[in-house]
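Q: I'd like to ask some things about the structure below.
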Number of protein chains: 2
Amino acid sequence: MKALFYVLGTSAATPKPKRALPSYYFEHEGIGILMDCGEGTQFQVMKAGIGFSKIKVIAISHNHGDHLLGLPGLIETMSMGSRKEDLLIIGPPGIKEFLEVSFKVTTFAPSFKVYVLEITEEVEVPLRGIKLKMFPVKHHGYSFGIRVETVPKRKVNKEKLEELGVPKRLWGRLQQGEEVEWKGRVLKPEEFTWQPQGIKVVYSGDTAPCERVIEEARGADLLVHEATFLSDMEEEAHERGHSTAKDAGIIASEAKVKMLLLTHYSSRYEDLRRHLDEARRFFEYAYLAQDLMKVVIKK
Amino acid sequence: MKALFYVLGTSAATPKPKRALPSYYFEHEGIGILMDCGEGTQFQVMKAGIGFSKIKVIAISHNHGDHLLGLPGLIETMSMGSRKEDLLIIGPPGIKEFLEVSFKVTTFAPSFKVYVLEITEEVEVPLRGIKLKMFPVKHHGYSFGIRVETVPKRKVNKEKLEELGVPKRLWGRLQQGEEVEWKGRVLKPEEFTWQPQGIKVVYSGDTAPCERVIEEARGADLLVHEATFLSDMEEEAHERGHSTAKDAGIIASEAKVKMLLLTHYSSRYEDLRRHLDEARRFFEYAYLAQDLMKVVIKK
């Protein structure tokens with residue numbers, strides 16, 4: 001089982017020459033989910049070598065400009081590539097109006113259907129082989145964290161089935177969750193199969209330290225957590241709905257994730273070693289997200 | 001006398017990894033004019049080392065996405081830099097609505113006044129030391145070419161004034177265009193001063209070959225002309241309101257400009273040598289515009 005995670009932009013609010021605006025990409029078995037779409041995301045997608053056609057869903061954590069403004073341009077570029085496949089966008093209310101006016105003013109119509117699902121509370125969307133969940137965090141207006149988790153096929157308990165002498169031709173139906181009648185007995189799928197754990201990635205979006213992130217990220221393979229500031233600005237950070245690198249380290253440690261990527265650095269910071277030091281004091285497997293970094297997650 | 005011209009993006013419609021979307025920048029004596037603002041322009045401004053505060057006016061040639069969508073993000077970044085100075089935006093109708101909705105949806109308010117002048121016909125705006133003119137070209141909807149011309153101070157005809165014995169303390173007023181009474185005689189400024197030629201730069205915007213571009217560019221120091229296609233696609237180019245590299249060469253030659261920069265290359269072209277060859281067959285001083293190229297114009 002394998003999933004890919006790309007960091008496309010790591011700067012908060014305004015870009016820097018080496019740090020583009022927030023966007024991340026998760027891919028599993030040909031299904032790509034783009035998370036956030038700051039201005040310039042389409043360039044980063046291109047530079048990362050991600051095929052635009054792989055992007056099936058775009059999830060927007062919140063409607064601040066640095067997380068949203070790349071959306072119309074990305075859709076225009078997808079259209080010029082003659083995409084036909086539907087695109088689903090999920091995010092807070094306002095996205096629909098923003099896209100409609102952008103398309104009207106630039107006299108543009110997409111070559112494919114764009115569905116916009118505007119949400120004001122948590123939602124879970126079952127995609128092919130992936131569960132996508134958006135859950136509320138502590139920022140401004142409607143702000144969400146994003147959790148993606150692959151849903152592997154159920155495994156059959158071979159020993160148990162062989163012991164009973166259940167013929168192999170019936171295993172597949174059990175695996176797909178069907179009840180099976182055999183020799184006058186009803187075999188229940190939950191008795192003879194089990195759900196292996198998927199790959200779980202959680203992206204905090206913009207948020208002050210938030211219990212909900214810990215809860216959703218519990219045991220995750222990867223937590224991508226904002227670390228806009230350092231802890232000497234803790235009070236200001238929290239007031240403004242942001243976290244410090246220290247906060248991110250503590251959250252990763254409490255959630256017992258396997259890996260933490262710090263991101264969303266305020267443009268005031270050039271050197272990020274202090275971010276890493278702060279987070280590592282609380283969580284050993286902390287790393288600095290960098291633009292165009294690719295993480296391969298195997299399980 | 002000196003002016004700077006920066007090429008910020010040279011790709012048509014969709015970007016390429018080494019070609020950003022249309023934007024150009026002209027600067028003279030601290031007054032900067034940004035021409036077009038495709039997605040990602042703020043990054044290119046940064047990479048080119050142009051101070052955001054230098055940009056006093058943004059002229060949008062037409063409202064296609066690749067020329068317009070960078071505007072809200074650029075304004076947000078200018079705001080985060082605590083700009084206080086007004087910004088004037090000139091372009092076709094729709095820009096105001098696009099900005100208003102972008103700002104509303106992203107809950108953003110600029111830290112400075114943004115004036116949007118929506119135009120449907122030609123206009124000339126006298127800035128400090130520069131005349132900015134937008135003139136209609138042949139594309140879609142309201143589409144303009146952009147002409148900028150520096151307006152040097154009038155020069156005094158020293159010999160003539162010395163010959164008459166006019167004291168030096170009066171020369172300045174003549175130079176500023178005032179009439180001066182001296183020894184019972186009225187000295188008219190046009191008799192004793194003359195207007196030196198300014199630096200003239202013309203940007204075609206997106207257009208099929210257009211008489212008006214030739215007229216406006218006559219004798220220009222620099223013509224920046226779109227060359228979306230090569231001449232083997234001439235018919236399609238013209239139908240779609242675009243020019244070929246050959247067209248650009250012919251226009252530069254007819255307008256007798258000093259230098260031609262080809263730009264706005266369709267993303268189908270990787271290698272641009274054929275563009276250069278085509279234009280050079282008609283105009284010797286043709287060059288390929290490249291992202292982040294800087295042209296220093298002295299006179």
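FYI, nothing fancy with the structure tokens labels: chains A, B, ... in order, residues from 1 per chain, ligands from 1 as they appear.
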Please report as a list in words which residues of chain A come no farther than 7 Å from chain B, using only C-alpha atoms.
A: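 Using only C-alpha atoms, chain A residues at most 7 Å from chain B: Thr14, Pro15, Pro17, Glu39, Gly40, Phe43, Met46, Lys47, Asn63, His64, Gly65, Leu69, Gly73, Thr77, Gly94, Phe98, Val101, Ser102, Val105, Thr106 and Thr107 of chain A.
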Q: Neighbouring residues of Glu190 of chain A were defined as those with any atom within 12 Å, considering only C-alpha atoms; residues of the same chain fewer than 4 positions away were excluded. Please report them as a ChimeraX atom specification.
A: /A:154-157,173-180,186,194-195
Q: For the residues selected in the previous step, produce a file with N, CA and C atoms as an mmCIF file, in the first residue's frame.
A:
```cif
data_model
loop_
_atom_site.group_PDB
_atom_site.id
_atom_site.type_symbol
_atom_site.label_atom_id
_atom_site.label_comp_id
_atom_site.auth_asym_id
_atom_site.auth_seq_id
_atom_site.Cartn_x
_atom_site.Cartn_y
_atom_site.Cartn_z
ATOM 1 N N ARG A 154 -10.749 -5.183 2.536
ATOM 2 C CA ARG A 154 -10.734 -6.050 3.711
ATOM 3 C C ARG A 154 -9.883 -7.283 3.407
ATOM 4 N N LYS A 155 -9.238 -7.785 4.403
ATOM 5 C CA LYS A 155 -8.444 -9.015 4.243
ATOM 6 C C LYS A 155 -9.285 -10.193 4.741
ATOM 7 N N VAL A 156 -9.139 -11.342 4.104
ATOM 8 C CA VAL A 156 -9.858 -12.522 4.613
ATOM 9 C C VAL A 156 -8.954 -13.285 5.577
ATOM 10 N N ASN A 157 -9.606 -13.859 6.569
ATOM 11 C CA ASN A 157 -8.893 -14.692 7.537
ATOM 12 C C ASN A 157 -8.793 -16.111 6.956
ATOM 13 N N ARG A 173 -16.693 -12.801 -2.045
ATOM 14 C CA ARG A 173 -17.939 -12.148 -1.642
ATOM 15 C C ARG A 173 -17.881 -11.716 -0.181
ATOM 16 N N LEU A 174 -17.272 -12.559 0.636
ATOM 17 C CA LEU A 174 -17.080 -12.177 2.056
ATOM 18 C C LEU A 174 -16.208 -10.913 2.148
ATOM 19 N N GLN A 175 -15.158 -10.927 1.311
ATOM 20 C CA GLN A 175 -14.217 -9.797 1.326
ATOM 21 C C GLN A 175 -14.912 -8.485 0.931
ATOM 22 N N GLN A 176 -15.887 -8.618 0.037
ATOM 23 C CA GLN A 176 -16.620 -7.411 -0.393
ATOM 24 C C GLN A 176 -17.758 -7.049 0.570
ATOM 25 N N GLY A 177 -17.810 -7.774 1.691
ATOM 26 C CA GLY A 177 -18.765 -7.388 2.728
ATOM 27 C C GLY A 177 -20.130 -8.058 2.618
ATOM 28 N N GLU A 178 -20.217 -9.055 1.743
ATOM 29 C CA GLU A 178 -21.512 -9.759 1.626
ATOM 30 C C GLU A 178 -21.593 -10.918 2.627
ATOM 31 N N GLU A 179 -22.845 -11.191 3.055
ATOM 32 C CA GLU A 179 -23.057 -12.433 3.803
ATOM 33 C C GLU A 179 -23.127 -13.583 2.800
ATOM 34 N N VAL A 180 -22.655 -14.736 3.209
ATOM 35 C CA VAL A 180 -22.620 -15.879 2.295
ATOM 36 C C VAL A 180 -23.292 -17.075 2.979
ATOM 37 N N VAL A 186 -25.084 -19.185 7.731
ATOM 38 C CA VAL A 186 -24.809 -17.839 7.201
ATOM 39 C C VAL A 186 -23.440 -17.371 7.718
ATOM 40 N N TRP A 194 -11.126 -8.848 7.987
ATOM 41 C CA TRP A 194 -10.787 -7.726 8.856
ATOM 42 C C TRP A 194 -10.283 -6.553 8.023
ATOM 43 N N GLN A 195 -10.446 -5.396 8.579
ATOM 44 C CA GLN A 195 -10.100 -4.158 7.862
ATOM 45 C C GLN A 195 -8.661 -3.761 8.207
#
```
Q: Show me, as a ChimeraX atom specification, the residues that have an atom within 7 Å of Val7 of chain A when counting only C-alpha atoms, minus same-chain residues fewer than 2 positions from it.
A: /A:5,9,23-25,289-294
Q: Would you kindly return, as a list in words, each protein, DNA or RNA residue with an atom no farther than 10 Å from any atom of Leu161 of chain A, considering only C-alpha atoms and excluding same-chain residues fewer than 6 positions away?
A: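 Counting only C-alpha atoms, the residues come to Pro167, Lys168, Leu170, Trp171, Leu187, Glu191, Phe192 and Thr193 of chain A.
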Q: With all heavy atoms retained, write the just-selected residues as a PDB file, in the first residue's frame.
A:
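This is the output file again.pdb:
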```pdb
ATOM      1  N   PRO A 167     -15.110 -23.096   0.569  1.00  0.00           N
ATOM      2  CA  PRO A 167     -14.400 -23.060  -0.715  1.00  0.00           C
ATOM      3  C   PRO A 167     -13.968 -21.638  -1.110  1.00  0.00           C
ATOM      4  O   PRO A 167     -14.691 -20.665  -0.834  1.00  0.00           O
ATOM      5  CB  PRO A 167     -15.429 -23.615  -1.711  1.00  0.00           C
ATOM      6  CG  PRO A 167     -16.747 -23.536  -1.036  1.00  0.00           C
ATOM      7  CD  PRO A 167     -16.512 -23.525   0.445  1.00  0.00           C
ATOM      8  N   LYS A 168     -12.828 -21.575  -1.789  1.00  0.00           N
ATOM      9  CA  LYS A 168     -12.219 -20.274  -2.128  1.00  0.00           C
ATOM     10  C   LYS A 168     -13.138 -19.387  -2.955  1.00  0.00           C
ATOM     11  O   LYS A 168     -13.075 -18.164  -2.860  1.00  0.00           O
ATOM     12  CB  LYS A 168     -10.915 -20.497  -2.901  1.00  0.00           C
ATOM     13  CG  LYS A 168      -9.755 -20.868  -1.989  1.00  0.00           C
ATOM     14  CD  LYS A 168      -8.407 -20.539  -2.627  1.00  0.00           C
ATOM     15  CE  LYS A 168      -7.311 -20.755  -1.590  1.00  0.00           C
ATOM     16  NZ  LYS A 168      -5.982 -20.779  -2.196  1.00  0.00           N
ATOM     17  N   LEU A 170     -16.001 -18.600  -2.601  1.00  0.00           N
ATOM     18  CA  LEU A 170     -16.900 -17.771  -1.782  1.00  0.00           C
ATOM     19  C   LEU A 170     -16.168 -16.647  -1.024  1.00  0.00           C
ATOM     20  O   LEU A 170     -16.794 -15.723  -0.508  1.00  0.00           O
ATOM     21  CB  LEU A 170     -17.659 -18.649  -0.772  1.00  0.00           C
ATOM     22  CG  LEU A 170     -18.551 -19.722  -1.394  1.00  0.00           C
ATOM     23  CD1 LEU A 170     -19.161 -20.611  -0.305  1.00  0.00           C
ATOM     24  CD2 LEU A 170     -19.668 -19.085  -2.222  1.00  0.00           C
ATOM     25  N   TRP A 171     -14.856 -16.747  -0.965  1.00  0.00           N
ATOM     26  CA  TRP A 171     -14.073 -15.771  -0.178  1.00  0.00           C
ATOM     27  C   TRP A 171     -14.262 -14.330  -0.654  1.00  0.00           C
ATOM     28  O   TRP A 171     -14.378 -13.403   0.139  1.00  0.00           O
ATOM     29  CB  TRP A 171     -12.573 -16.117  -0.211  1.00  0.00           C
ATOM     30  CG  TRP A 171     -12.237 -17.415   0.469  1.00  0.00           C
ATOM     31  CD1 TRP A 171     -13.098 -18.397   0.851  1.00  0.00           C
ATOM     32  CD2 TRP A 171     -10.926 -17.866   0.830  1.00  0.00           C
ATOM     33  NE1 TRP A 171     -12.430 -19.442   1.422  1.00  0.00           N
ATOM     34  CE2 TRP A 171     -11.076 -19.144   1.428  1.00  0.00           C
ATOM     35  CE3 TRP A 171      -9.641 -17.340   0.713  1.00  0.00           C
ATOM     36  CZ2 TRP A 171      -9.993 -19.874   1.901  1.00  0.00           C
ATOM     37  CZ3 TRP A 171      -8.558 -18.061   1.174  1.00  0.00           C
ATOM     38  CH2 TRP A 171      -8.738 -19.326   1.766  1.00  0.00           C
ATOM     39  N   LEU A 187     -22.519 -17.147   6.752  1.00  0.00           N
ATOM     40  CA  LEU A 187     -21.191 -16.639   7.145  1.00  0.00           C
ATOM     41  C   LEU A 187     -21.225 -15.119   7.096  1.00  0.00           C
ATOM     42  O   LEU A 187     -21.554 -14.529   6.056  1.00  0.00           O
ATOM     43  CB  LEU A 187     -20.118 -17.175   6.189  1.00  0.00           C
ATOM     44  CG  LEU A 187     -20.084 -18.698   5.963  1.00  0.00           C
ATOM     45  CD1 LEU A 187     -18.998 -19.058   4.957  1.00  0.00           C
ATOM     46  CD2 LEU A 187     -19.857 -19.427   7.288  1.00  0.00           C
ATOM     47  N   GLU A 191     -16.963 -11.701  10.592  1.00  0.00           N
ATOM     48  CA  GLU A 191     -16.355 -12.827  11.310  1.00  0.00           C
ATOM     49  C   GLU A 191     -15.124 -13.377  10.593  1.00  0.00           C
ATOM     50  O   GLU A 191     -14.237 -13.954  11.216  1.00  0.00           O
ATOM     51  CB  GLU A 191     -17.363 -13.975  11.415  1.00  0.00           C
ATOM     52  CG  GLU A 191     -18.275 -13.922  12.612  1.00  0.00           C
ATOM     53  CD  GLU A 191     -19.247 -15.091  12.545  1.00  0.00           C
ATOM     54  OE1 GLU A 191     -18.838 -16.233  12.870  1.00  0.00           O
ATOM     55  OE2 GLU A 191     -20.405 -14.862  12.128  1.00  0.00           O
ATOM     56  N   PHE A 192     -15.140 -13.250   9.255  1.00  0.00           N
ATOM     57  CA  PHE A 192     -14.096 -13.921   8.484  1.00  0.00           C
ATOM     58  C   PHE A 192     -13.155 -12.959   7.759  1.00  0.00           C
ATOM     59  O   PHE A 192     -12.273 -13.380   7.024  1.00  0.00           O
ATOM     60  CB  PHE A 192     -14.741 -14.881   7.476  1.00  0.00           C
ATOM     61  CG  PHE A 192     -15.490 -15.987   8.152  1.00  0.00           C
ATOM     62  CD1 PHE A 192     -16.849 -15.870   8.386  1.00  0.00           C
ATOM     63  CD2 PHE A 192     -14.802 -17.107   8.604  1.00  0.00           C
ATOM     64  CE1 PHE A 192     -17.531 -16.877   9.038  1.00  0.00           C
ATOM     65  CE2 PHE A 192     -15.490 -18.122   9.260  1.00  0.00           C
ATOM     66  CZ  PHE A 192     -16.865 -18.012   9.495  1.00  0.00           C
ATOM     67  N   THR A 193     -13.391 -11.680   7.909  1.00  0.00           N
ATOM     68  CA  THR A 193     -12.494 -10.704   7.271  1.00  0.00           C
ATOM     69  C   THR A 193     -12.181  -9.608   8.283  1.00  0.00           C
ATOM     70  O   THR A 193     -12.872  -9.460   9.297  1.00  0.00           O
ATOM     71  CB  THR A 193     -13.151 -10.029   6.038  1.00  0.00           C
ATOM     72  OG1 THR A 193     -14.270  -9.257   6.489  1.00  0.00           O
ATOM     73  CG2 THR A 193     -13.637 -11.052   5.028  1.00  0.00           C
TER      74      THR A 193
END
```
Q: Which residues, written as a PyMOL selection string, have at least one atom at most 12 Å from Phe282 of chain A, with only C-alpha atoms counted and residues fewer than 3 positions away on the same chain left out?
A: chain A and resi 245-256+260+275-279+285-286
Q: With N, CA, C and O atoms retained, could you export that selection as an mmCIF file, in the first residue's frame?
A:
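For reference, out03.cif as written:
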```cif
data_model
loop_
_atom_site.group_PDB
_atom_site.id
_atom_site.type_symbol
_atom_site.label_atom_id
_atom_site.label_comp_id
_atom_site.auth_asym_id
_atom_site.auth_seq_id
_atom_site.Cartn_x
_atom_site.Cartn_y
_atom_site.Cartn_z
ATOM 1 N N ALA A 245 5.881 26.603 16.239
ATOM 2 C CA ALA A 245 6.543 25.325 15.961
ATOM 3 C C ALA A 245 6.487 24.433 17.200
ATOM 4 O O ALA A 245 6.323 23.215 17.102
ATOM 5 N N LYS A 246 6.595 25.054 18.367
ATOM 6 C CA LYS A 246 6.485 24.297 19.618
ATOM 7 C C LYS A 246 5.108 23.637 19.733
ATOM 8 O O LYS A 246 4.994 22.455 20.044
ATOM 9 N N ASP A 247 4.055 24.410 19.470
ATOM 10 C CA ASP A 247 2.693 23.857 19.498
ATOM 11 C C ASP A 247 2.605 22.629 18.595
ATOM 12 O O ASP A 247 2.046 21.598 18.976
ATOM 13 N N ALA A 248 3.145 22.758 17.392
ATOM 14 C CA ALA A 248 3.050 21.656 16.420
ATOM 15 C C ALA A 248 3.754 20.415 16.967
ATOM 16 O O ALA A 248 3.245 19.295 16.838
ATOM 17 N N GLY A 249 4.900 20.632 17.612
ATOM 18 C CA GLY A 249 5.633 19.507 18.197
ATOM 19 C C GLY A 249 4.839 18.826 19.298
ATOM 20 O O GLY A 249 4.768 17.593 19.368
ATOM 21 N N ILE A 250 4.222 19.618 20.143
ATOM 22 C CA ILE A 250 3.434 19.063 21.256
ATOM 23 C C ILE A 250 2.235 18.274 20.714
ATOM 24 O O ILE A 250 1.947 17.161 21.158
ATOM 25 N N ILE A 251 1.581 18.849 19.711
ATOM 26 C CA ILE A 251 0.400 18.184 19.126
ATOM 27 C C ILE A 251 0.789 16.859 18.469
ATOM 28 O O ILE A 251 0.127 15.834 18.659
ATOM 29 N N ALA A 252 1.886 16.871 17.725
ATOM 30 C CA ALA A 252 2.348 15.633 17.070
ATOM 31 C C ALA A 252 2.657 14.571 18.118
ATOM 32 O O ALA A 252 2.344 13.390 17.951
ATOM 33 N N SER A 253 3.259 15.008 19.223
ATOM 34 C CA SER A 253 3.616 14.077 20.290
ATOM 35 C C SER A 253 2.358 13.515 20.953
ATOM 36 O O SER A 253 2.253 12.304 21.179
ATOM 37 N N GLU A 254 1.392 14.373 21.238
ATOM 38 C CA GLU A 254 0.154 13.901 21.876
ATOM 39 C C GLU A 254 -0.643 12.976 20.958
ATOM 40 O O GLU A 254 -1.270 12.026 21.418
ATOM 41 N N ALA A 255 -0.614 13.279 19.663
ATOM 42 C CA ALA A 255 -1.384 12.459 18.719
ATOM 43 C C ALA A 255 -0.630 11.185 18.335
ATOM 44 O O ALA A 255 -1.174 10.337 17.635
ATOM 45 N N LYS A 256 0.613 11.096 18.810
ATOM 46 C CA LYS A 256 1.450 9.915 18.485
ATOM 47 C C LYS A 256 1.467 9.619 16.985
ATOM 48 O O LYS A 256 1.246 8.465 16.555
ATOM 49 N N LEU A 260 5.982 14.363 11.509
ATOM 50 C CA LEU A 260 5.415 15.724 11.520
ATOM 51 C C LEU A 260 6.144 16.584 10.496
ATOM 52 O O LEU A 260 7.379 16.642 10.488
ATOM 53 N N HIS A 275 12.622 26.831 14.056
ATOM 54 C CA HIS A 275 11.344 26.117 13.981
ATOM 55 C C HIS A 275 11.577 24.625 14.259
ATOM 56 O O HIS A 275 10.884 24.002 15.056
ATOM 57 N N LEU A 276 12.573 24.092 13.571
ATOM 58 C CA LEU A 276 12.842 22.664 13.702
ATOM 59 C C LEU A 276 13.264 22.332 15.135
ATOM 60 O O LEU A 276 12.774 21.367 15.729
ATOM 61 N N ASP A 277 14.151 23.141 15.692
ATOM 62 C CA ASP A 277 14.616 22.904 17.065
ATOM 63 C C ASP A 277 13.449 22.912 18.047
ATOM 64 O O ASP A 277 13.336 22.048 18.906
ATOM 65 N N GLU A 278 12.578 23.890 17.916
ATOM 66 C CA GLU A 278 11.432 23.989 18.832
ATOM 67 C C GLU A 278 10.540 22.756 18.765
ATOM 68 O O GLU A 278 10.154 22.203 19.791
ATOM 69 N N ALA A 279 10.236 22.340 17.558
ATOM 70 C CA ALA A 279 9.330 21.195 17.404
ATOM 71 C C ALA A 279 10.003 19.915 17.893
ATOM 72 O O ALA A 279 9.394 19.093 18.566
ATOM 73 N N TYR A 285 10.354 13.126 15.440
ATOM 74 C CA TYR A 285 10.267 12.950 13.985
ATOM 75 C C TYR A 285 9.621 14.162 13.316
ATOM 76 O O TYR A 285 8.657 14.043 12.557
ATOM 77 N N ALA A 286 10.142 15.320 13.667
ATOM 78 C CA ALA A 286 9.649 16.566 13.062
ATOM 79 C C ALA A 286 10.593 16.963 11.929
ATOM 80 O O ALA A 286 11.813 16.830 12.061
#
```
Q: Would you list, as an MDAnalysis selection string, the residues of segment 2-241 of chain B that end up in strand (DSSP E) under DSSP run on this structure's backbone?
A: chainID B and resid 2:9 23:28 31:35 55:59 87:91 114:118 123:127 130:136 144:150 155:156 180:182 185:187 193:194 200:203 222:226
Q: Could you write out, as number ranges by chain, all the residues of segment 47-224 of chain B that DSSP marks as alpha helix (DSSP H)?
A: B: 47, 65-68, 71-80, 95-105, 158-164, 171-175, 189-192, 211-217
Q: Between B:Leu222, B:Leu8, B:Leu88, B:Ala109, which has the minimum distance to Lys200 of chain B (counting only C-alpha atoms)?
A: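 Comparing B:Leu222, B:Leu8, B:Leu88, B:Ala109 against Lys200 of chain B, the winner is B:Leu222.
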Q: Neighbouring residues of Tyr115 of chain B were defined as those with any atom within 10 Å, considering only C-alpha atoms; residues of the same chain fewer than 3 positions away were excluded. Please report them as a PDB file with N, CA, C and O atoms, in the first residue's frame.
A:
```
ATOM      1  N   VAL B  57       0.679  52.385 -10.732  1.00  0.00           N
ATOM      2  CA  VAL B  57      -0.447  52.162 -11.644  1.00  0.00           C
ATOM      3  C   VAL B  57      -0.358  50.738 -12.190  1.00  0.00           C
ATOM      4  O   VAL B  57       0.743  50.250 -12.467  1.00  0.00           O
ATOM      5  N   ASP B  86      -2.110  55.322  -2.521  1.00  0.00           N
ATOM      6  CA  ASP B  86      -3.162  54.892  -3.452  1.00  0.00           C
ATOM      7  C   ASP B  86      -2.594  54.060  -4.597  1.00  0.00           C
ATOM      8  O   ASP B  86      -1.446  54.230  -4.991  1.00  0.00           O
ATOM      9  N   LEU B  87      -3.451  53.242  -5.146  1.00  0.00           N
ATOM     10  CA  LEU B  87      -3.086  52.466  -6.338  1.00  0.00           C
ATOM     11  C   LEU B  87      -4.169  52.708  -7.382  1.00  0.00           C
ATOM     12  O   LEU B  87      -5.360  52.643  -7.069  1.00  0.00           O
ATOM     13  N   LEU B  88      -3.733  52.991  -8.601  1.00  0.00           N
ATOM     14  CA  LEU B  88      -4.692  53.187  -9.683  1.00  0.00           C
ATOM     15  C   LEU B  88      -4.642  51.986 -10.615  1.00  0.00           C
ATOM     16  O   LEU B  88      -3.566  51.597 -11.067  1.00  0.00           O
ATOM     17  N   ILE B  89      -5.804  51.415 -10.870  1.00  0.00           N
ATOM     18  CA  ILE B  89      -5.888  50.299 -11.821  1.00  0.00           C
ATOM     19  C   ILE B  89      -6.724  50.755 -12.998  1.00  0.00           C
ATOM     20  O   ILE B  89      -7.803  51.328 -12.822  1.00  0.00           O
ATOM     21  N   ILE B  90      -6.220  50.530 -14.203  1.00  0.00           N
ATOM     22  CA  ILE B  90      -6.965  50.901 -15.407  1.00  0.00           C
ATOM     23  C   ILE B  90      -7.159  49.661 -16.264  1.00  0.00           C
ATOM     24  O   ILE B  90      -6.190  48.934 -16.513  1.00  0.00           O
ATOM     25  N   LYS B  96     -13.499  45.799 -11.283  1.00  0.00           N
ATOM     26  CA  LYS B  96     -14.002  46.254  -9.987  1.00  0.00           C
ATOM     27  C   LYS B  96     -14.789  45.139  -9.303  1.00  0.00           C
ATOM     28  O   LYS B  96     -14.560  44.816  -8.145  1.00  0.00           O
ATOM     29  N   PHE B 112      -4.802  50.422   1.683  1.00  0.00           N
ATOM     30  CA  PHE B 112      -4.682  51.669   0.918  1.00  0.00           C
ATOM     31  C   PHE B 112      -5.871  51.767  -0.026  1.00  0.00           C
ATOM     32  O   PHE B 112      -6.615  50.798  -0.204  1.00  0.00           O
ATOM     33  N   GLU B 118     -12.461  51.933 -15.090  1.00  0.00           N
ATOM     34  CA  GLU B 118     -12.859  50.972 -16.120  1.00  0.00           C
ATOM     35  C   GLU B 118     -13.109  51.695 -17.433  1.00  0.00           C
ATOM     36  O   GLU B 118     -13.894  52.642 -17.480  1.00  0.00           O
TER      37      GLU B 118
END
```
Q: Report, in Å with one decimal, the straight-line distance from atom CA of Met1 of chain B to atom CA of Pro152 of chain B.
A: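 Going from atom CA of Met1 of chain B over to atom CA of Pro152 of chain B covers 7.9 Å.
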Q: Which of these residues is nearest to Phe229 of chain A, using only C-alpha atoms: A:Ile146, A:Val116, A:Val213, A:Leu262?
A: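 Nearest candidate to Phe229 of chain A out of A:Ile146, A:Val116, A:Val213, A:Leu262: A:Leu262.
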Q: Using only C-alpha atoms, which residues sit within 7 Å of Asp206 of chain B once same-chain residues fewer than 5 positions away are excluded, as an NGL selection string?
A: :B and (139 or 226 or 242)
Q: How many Å separate atom CA of Glu122 of chain B from atom CA of Ser243 of chain B?
A: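 Computing it gives 21.2 Å between the two atoms.
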Q: Could you tell me how far atom CA of Tyr142 of chain B sits from atom CA of Arg212 of chain B, in Å to one decimal place?
A: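 Distance reported for this atom pair: 14.6 Å.
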Q: When distances are computed from only C-alpha atoms, which of B:Lys183, B:Lys160, B:Lys133, B:Arg268 shows the smallest separation from Leu230 of chain B?
A: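 Closest to Leu230 of chain B of all the choices is B:Arg268.
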Q: Of the residues A:Gly219, A:Gly165, A:Gly198, A:Gly145, which is the one nearest to Ile60 of chain A, using only C-alpha atoms?
A: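 Among the listed residues, the smallest separation from Ile60 of chain A belongs to A:Gly145.
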